[in-house]
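J.: Quick one: the structure is below, and I'll ask about it shortly.
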Amino acid sequence: MFEEHRDNRHDEHAGHEQDGRLADVEIEYDQYDDLDDFDGHDGNDDGAPRSSTTRRVVMVAAGGVFAALLAVGGYGAYNVLNAVTDNGPAGGHQGAGTVAKAPQEPPTAEQAESTAKEFLAAWSRGDIPAAAGLTDRPETARAALATFHEQVGARSLALTGTGPAKADGPSEPALGFRVKAEFEGTPDAWEYDSVLSVVRSQDGRPVVRWKPSVIHPQLTPGRTIGVQETPNPVSKPTDRKGRPLDTFPSLRAVLPQIAPPDGAAATTGRAVVLSGGGEAERLFVLTPPSAPVVKLTLDADLQQVAEDAVKQQAANGNPASLVAVQPSTGHILAIANAPQGGFNRALAGGQAPGSTMKVITSAALLEAGVRPDTVVPCKETTYSPRAWHNDESGDFPSYTLADDFARSCNTGFIDKGLEKLQPGTLGTVARDQFGLGLEWHIGVPSRDATIPTPGNKDEAAAAYIGQGRIQVNSLVMASVAATVQNGTFRQPVLREDAKRVTAPSRLPADVARDLRAMMAKTATQGTARTPMAGLSGQIGAKTGTVEAGSQATNSWFIAYRGDLAVAAEVEGGGHGFSAAGVAAAQVLKAGGGKG
């Protein structure tokens, strides 16, 4: 992005009177329509080519202060970078205007004023050769002035002397002047102040000391000024209440992907830009860019809470994400990522969900005839033939399916899953009733869930507890929680006009009821009770802890409160109830269960 800058300073310098008289000086000049017609003369010789148009300007000198308001228009456009790369004598022949090497008396104030007056007059009327000839580096000045005129393309250019300015030294009297450029298609003018200094040439003539900053005070060697198209958004997204969203770091990768509504288009802006040798800077806006407003489903208030919650849990550099969804509509209310402004892992990431996957495994078991109160022993170790353990040590032979869910018992789910479910059943339930893997179109690119059909019992055991080759993200798992709360899959969307997919079937009513009861027990009596403590209303949750190496574990948490569902994950965050649980609970608390 460009940094906005408009320089409208007005320097005023007091002059002094001589004899209390005003002297009128009338200057006649020719305007060259094309620099290619110039033969190297300054336009004062009889044989020099002239255009058919001769203009006149009257300049008034009041004592030692000059004032000139001169204008010219109609500049073309091309790009010459090295026109401003020479900031002083650097070898090579520059013509007779080179500064004298032998010490000479500095120009008097009157000589400096007169030289500046002539230079500004020539520059303002577009007589580049004449203006360049009044400098100590005519070839460099000619290229730089031509570059400025052609790249800026102003309709008219007016230069007004502002009086003596701070000089670099006693041998170089300096004078200030104001530049006013007007352009076609905009009523505003670009105005700024600059300074030039006057020295003696080798032949003793007073000439302008040439340097790029004469053109603009910020112009330095290697930089250029010209009119450019300004980057503009494809659309201007707002939250569901019309509030801006461009200040949220987690949305930086999301908002540029929001397409305009059908039939709407963005308008490209144009600006005078200082570029090269650093970050481009916008000096003057000719036409601002415009883009059609697109109202998204996001909620700015909840988005801020989500940003803060994820940032806090990722303070140690752990990548993390969170998504909040409204179950009744599928509207995505918040998207947060850490690092902020980096990869959009909330929508495009892919991680194993750990025990949060037991929500779908439970749905499959319930549909296979297992009841929440069916005894499903929680062994300390079971085999598939791979050995599997629980986070909680010990054998619990009297645990029911609801107990295994609330305490997050891996062995109970593996044993009952291998007994009751067929290879591929988990993927079928996930697709047909939870909408996973149906190629969602949420309004921006997103990654769908991957739930491969297991090739053996070890792979099946891993899938039942959310390990192995299963890949999801916070968006997917927020939708899982929302589907349980609502009983029906409603594809998450960022905008109302997104093309939704529908699941082939909905959760059976008794299955949805049992899942809500099991998630409620987990939120109040199970592994999720600590982060969910103090939350009222209809609540439910499920924790997940994913093995991710010899020591590190990833933290997962999905939950709902009323019409608000949340999923959060923190890589290397430990148990599900810790980092991810704390972040999700913050959003649920702020949302008030209303979505």
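Letters A, B, ... mark the chains of the structure tokens in the order given; residue numbers begin at 1 per chain; ligand numbers begin at 1, in order shown.
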Would you mind listing, for every residue of stretch 434-552 of chain A within 10 Å of stretch 346-351 of chain A, the two atoms forming the shortest contact and the distance between them in Å to one decimal, using only C-alpha atoms, sorted by chain and ascending residue number, as CSV?
T.:
residue,atom,partner,partner_atom,distance
A:Ile442,CA,A:Leu347,CA,9.8
A:Val444,CA,A:Leu347,CA,9.0
A:Pro445,CA,A:Ala348,CA,7.5
A:Ser446,CA,A:Ala348,CA,5.0
A:Arg447,CA,A:Ala348,CA,4.7
A:Asp448,CA,A:Ala348,CA,8.1
A:Ala449,CA,A:Gly350,CA,7.8
A:Thr450,CA,A:Gly350,CA,8.5
A:Gly466,CA,A:Gln351,CA,9.7
A:Gln467,CA,A:Gln351,CA,9.3
A:Gly468,CA,A:Gln351,CA,9.9
A:Arg469,CA,A:Gln351,CA,9.0
A:Ile470,CA,A:Gln351,CA,7.5
A:Gln471,CA,A:Gln351,CA,4.8
A:Val472,CA,A:Gly350,CA,4.9
A:Asn473,CA,A:Gly350,CA,5.4
A:Ser474,CA,A:Ala346,CA,5.1
A:Leu475,CA,A:Leu347,CA,5.6
A:Val476,CA,A:Leu347,CA,8.1
A:Val546,CA,A:Gln351,CA,9.3
J.: Write out as an mmCIF file with all heavy atoms, in the first residue's frame each polymer residue whose atoms come within 7 Å of A:Ala181, counting only C-alpha atoms; drop sequence neighbours fewer than 3 positions from it.
T.:
data_model
loop_
_atom_site.group_PDB
_atom_site.id
_atom_site.type_symbol
_atom_site.label_atom_id
_atom_site.label_comp_id
_atom_site.auth_asym_id
_atom_site.auth_seq_id
_atom_site.Cartn_x
_atom_site.Cartn_y
_atom_site.Cartn_z
ATOM 1 N N ALA A 154 0.687 16.736 -16.156
ATOM 2 C CA ALA A 154 -0.254 17.742 -15.658
ATOM 3 C C ALA A 154 -0.845 18.553 -16.805
ATOM 4 O O ALA A 154 -0.200 18.782 -17.830
ATOM 5 C CB ALA A 154 0.450 18.670 -14.671
ATOM 6 N N SER A 156 -1.718 21.719 -16.402
ATOM 7 C CA SER A 156 -1.047 23.005 -16.274
ATOM 8 C C SER A 156 -0.107 22.959 -15.090
ATOM 9 O O SER A 156 -0.330 22.209 -14.127
ATOM 10 C CB SER A 156 -2.058 24.147 -16.106
ATOM 11 O OG SER A 156 -2.736 24.040 -14.866
ATOM 12 N N LEU A 157 0.934 23.765 -15.188
ATOM 13 C CA LEU A 157 1.929 23.830 -14.133
ATOM 14 C C LEU A 157 2.213 25.289 -13.828
ATOM 15 O O LEU A 157 2.580 26.053 -14.718
ATOM 16 C CB LEU A 157 3.219 23.128 -14.574
ATOM 17 C CG LEU A 157 4.335 23.004 -13.527
ATOM 18 C CD1 LEU A 157 3.922 22.030 -12.429
ATOM 19 C CD2 LEU A 157 5.625 22.534 -14.192
ATOM 20 N N ALA A 158 2.031 25.684 -12.590
ATOM 21 C CA ALA A 158 2.285 27.064 -12.180
ATOM 22 C C ALA A 158 3.352 27.075 -11.099
ATOM 23 O O ALA A 158 3.310 26.282 -10.163
ATOM 24 C CB ALA A 158 1.001 27.718 -11.661
ATOM 25 N N ALA A 189 -5.890 20.592 -7.001
ATOM 26 C CA ALA A 189 -4.544 20.780 -7.545
ATOM 27 C C ALA A 189 -3.520 20.180 -6.591
ATOM 28 O O ALA A 189 -3.715 20.181 -5.368
ATOM 29 C CB ALA A 189 -4.248 22.264 -7.755
ATOM 30 N N TRP A 190 -2.442 19.701 -7.154
ATOM 31 C CA TRP A 190 -1.321 19.191 -6.359
ATOM 32 C C TRP A 190 -0.374 20.359 -6.108
ATOM 33 O O TRP A 190 0.172 20.938 -7.040
ATOM 34 C CB TRP A 190 -0.639 18.070 -7.128
ATOM 35 C CG TRP A 190 0.585 17.508 -6.463
ATOM 36 C CD1 TRP A 190 0.809 17.374 -5.140
ATOM 37 C CD2 TRP A 190 1.756 17.009 -7.123
ATOM 38 N NE1 TRP A 190 2.035 16.806 -4.903
ATOM 39 C CE2 TRP A 190 2.646 16.570 -6.109
ATOM 40 C CE3 TRP A 190 2.143 16.888 -8.450
ATOM 41 C CZ2 TRP A 190 3.888 16.018 -6.406
ATOM 42 C CZ3 TRP A 190 3.374 16.336 -8.748
ATOM 43 C CH2 TRP A 190 4.239 15.904 -7.724
ATOM 44 N N GLU A 191 -0.191 20.707 -4.866
ATOM 45 C CA GLU A 191 0.666 21.837 -4.512
ATOM 46 C C GLU A 191 1.724 21.405 -3.502
ATOM 47 O O GLU A 191 1.437 20.632 -2.576
ATOM 48 C CB GLU A 191 -0.168 22.977 -3.917
ATOM 49 C CG GLU A 191 -1.194 23.554 -4.885
ATOM 50 C CD GLU A 191 -1.884 24.779 -4.321
ATOM 51 O OE1 GLU A 191 -1.156 25.718 -3.942
ATOM 52 O OE2 GLU A 191 -3.119 24.781 -4.248
#
J.: Expressed in Å to a single decimal, how great is the separation between atom CA of A:Ala430 and atom CA of A:Tyr399?
T.: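 We find that atom CA of A:Ala430 and atom CA of A:Tyr399 lie 25.5 Å from each other.
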J.: Report as a list in words all protein, DNA and RNA residues lying within 8 Å of A:Ala306, evaluated on only C-alpha atoms, omitting residues in the same chain fewer than 5 positions from it.
T.: Leu322, Ala334, Ile335, Ala336, Ala583, Gln586 and Val587 of chain A
J.: When DSSP is applied to the backbone of this structure, which of stretch 87-200 of chain A are assigned helix (DSSP H, G or I)? Write them out as a PyMOL selection string.
T.: chain A and resi 109-124+128-132+138-152
J.: For a quick check of understanding, using only C-alpha atoms, which of A:Ser479, A:Lys521, A:Gly526, A:Asp239 has the smallest distance to A:Ile558?
T.: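 Among the listed residues, A:Ser479 lies closest to A:Ile558.
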J.: Rank nothing, just name the residue among A:Asp301, A:Asp403, A:Asp188, A:Glu139 nearest to A:Met518, using only C-alpha atoms.
T.: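 Answer, going by the shortest atom-to-atom distance: A:Asp403.
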J.: Tell me which protein, DNA and RNA residues are within 12 Å of stretch 198-202 of chain A, counting only C-alpha atoms, leaving out same-chain ones fewer than 5 positions away, and put them as number ranges by chain.
T.: A: 94-119, 133-138, 164-165, 167-176, 207-211, 214
J.: Which is closest to A:Tyr560 among A:Leu274, A:Leu298, A:Gly424, A:Ser536, if we use only C-alpha atoms?
T.: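 Nearest to A:Tyr560: A:Ser536.
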J.: Going by DSSP on the backbone, which bits of stretch 163-286 of chain A are strand (DSSP E)? Write them as a ChimeraX atom specification, please.
T.: /A:163-169,172-182,189-200,206-208,224-230,236-238,269-275,281-286
J.: Here is a test: counting only C-alpha atoms, which residue of A:Ala579, A:Leu588, A:Ala462, A:Val254 is nearest to A:Thr553?
T.: A:Ala579
J.: For A:Gly354, work out the shell of residues within 8 Å, counting only C-alpha atoms and skipping chain neighbours fewer than 2 positions away, then give it as a list in words.
T.: Ala352, Thr356, Met357, Ile465, Gly466, Gln467, Gly544, Thr545, Val546 and Trp556 of chain A
J.: Could those residues be written to a file, using N, CA and C atoms, as a tab-separated table (two decimals), in the first residue's frame?
T.:
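Saved the output as selection_32.tsv:
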chain	number	residue	atom	x	y	z
A	352	ALA	N	-4.93	-33.21	12.15
A	352	ALA	CA	-5.74	-34.26	12.79
A	352	ALA	C	-6.53	-33.64	13.93
A	356	THR	N	-11.88	-34.67	19.28
A	356	THR	CA	-13.09	-33.96	18.81
A	356	THR	C	-13.78	-34.77	17.72
A	357	MET	N	-13.02	-35.66	17.06
A	357	MET	CA	-13.61	-36.53	16.04
A	357	MET	C	-14.57	-37.53	16.66
A	465	ILE	N	-10.54	-42.15	16.83
A	465	ILE	CA	-10.15	-41.17	17.86
A	465	ILE	C	-9.48	-39.94	17.22
A	466	GLY	N	-9.69	-39.74	15.90
A	466	GLY	CA	-9.23	-38.52	15.25
A	466	GLY	C	-7.74	-38.44	15.00
A	467	GLN	N	-7.09	-39.58	14.89
A	467	GLN	CA	-5.66	-39.60	14.59
A	467	GLN	C	-5.46	-40.13	13.16
A	544	GLY	N	-10.00	-32.25	22.58
A	544	GLY	CA	-9.16	-33.12	21.75
A	544	GLY	C	-7.69	-32.84	22.03
A	545	THR	N	-6.94	-33.91	22.21
A	545	THR	CA	-5.50	-33.78	22.42
A	545	THR	C	-4.82	-34.70	21.42
A	546	VAL	N	-4.03	-34.11	20.54
A	546	VAL	CA	-3.46	-34.87	19.42
A	546	VAL	C	-1.97	-35.09	19.64
A	556	TRP	N	-7.12	-29.17	20.90
A	556	TRP	CA	-8.34	-28.95	20.12
A	556	TRP	C	-9.52	-28.78	21.07
J.: What is the distance between atom CA of A:Ala146 and atom CA of A:Glu182, in Å to one decimal?
T.: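 Interatomic distance here is 17.3 Å.
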J.: Atom CA of A:Pro508 and atom CA of A:Gln433 are how many Å apart?
T.: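 Rounded to one decimal, the two atoms are 8.9 Å apart.
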J.: Using only C-alpha atoms, which of A:Ile360, A:Ala552, A:Cys378, A:Ala528 sits nearest A:Ala512?
T.: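 Using only C-alpha atoms, A:Ala512 sits closest to A:Ile360.
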J.: Need the shell around A:Ala541: protein/DNA/RNA residues with any atom at most 12 Å away, counting only C-alpha atoms. Skip same-chain ones fewer than 5 positions apart. Format as a VMD selection string?
T.: chain A and resid 355 to 359 405 to 408 477 to 478 480 to 482 484 to 485 515 to 533 535 556 to 562 564 to 568 576 to 577 580 to 581 584 to 585 588
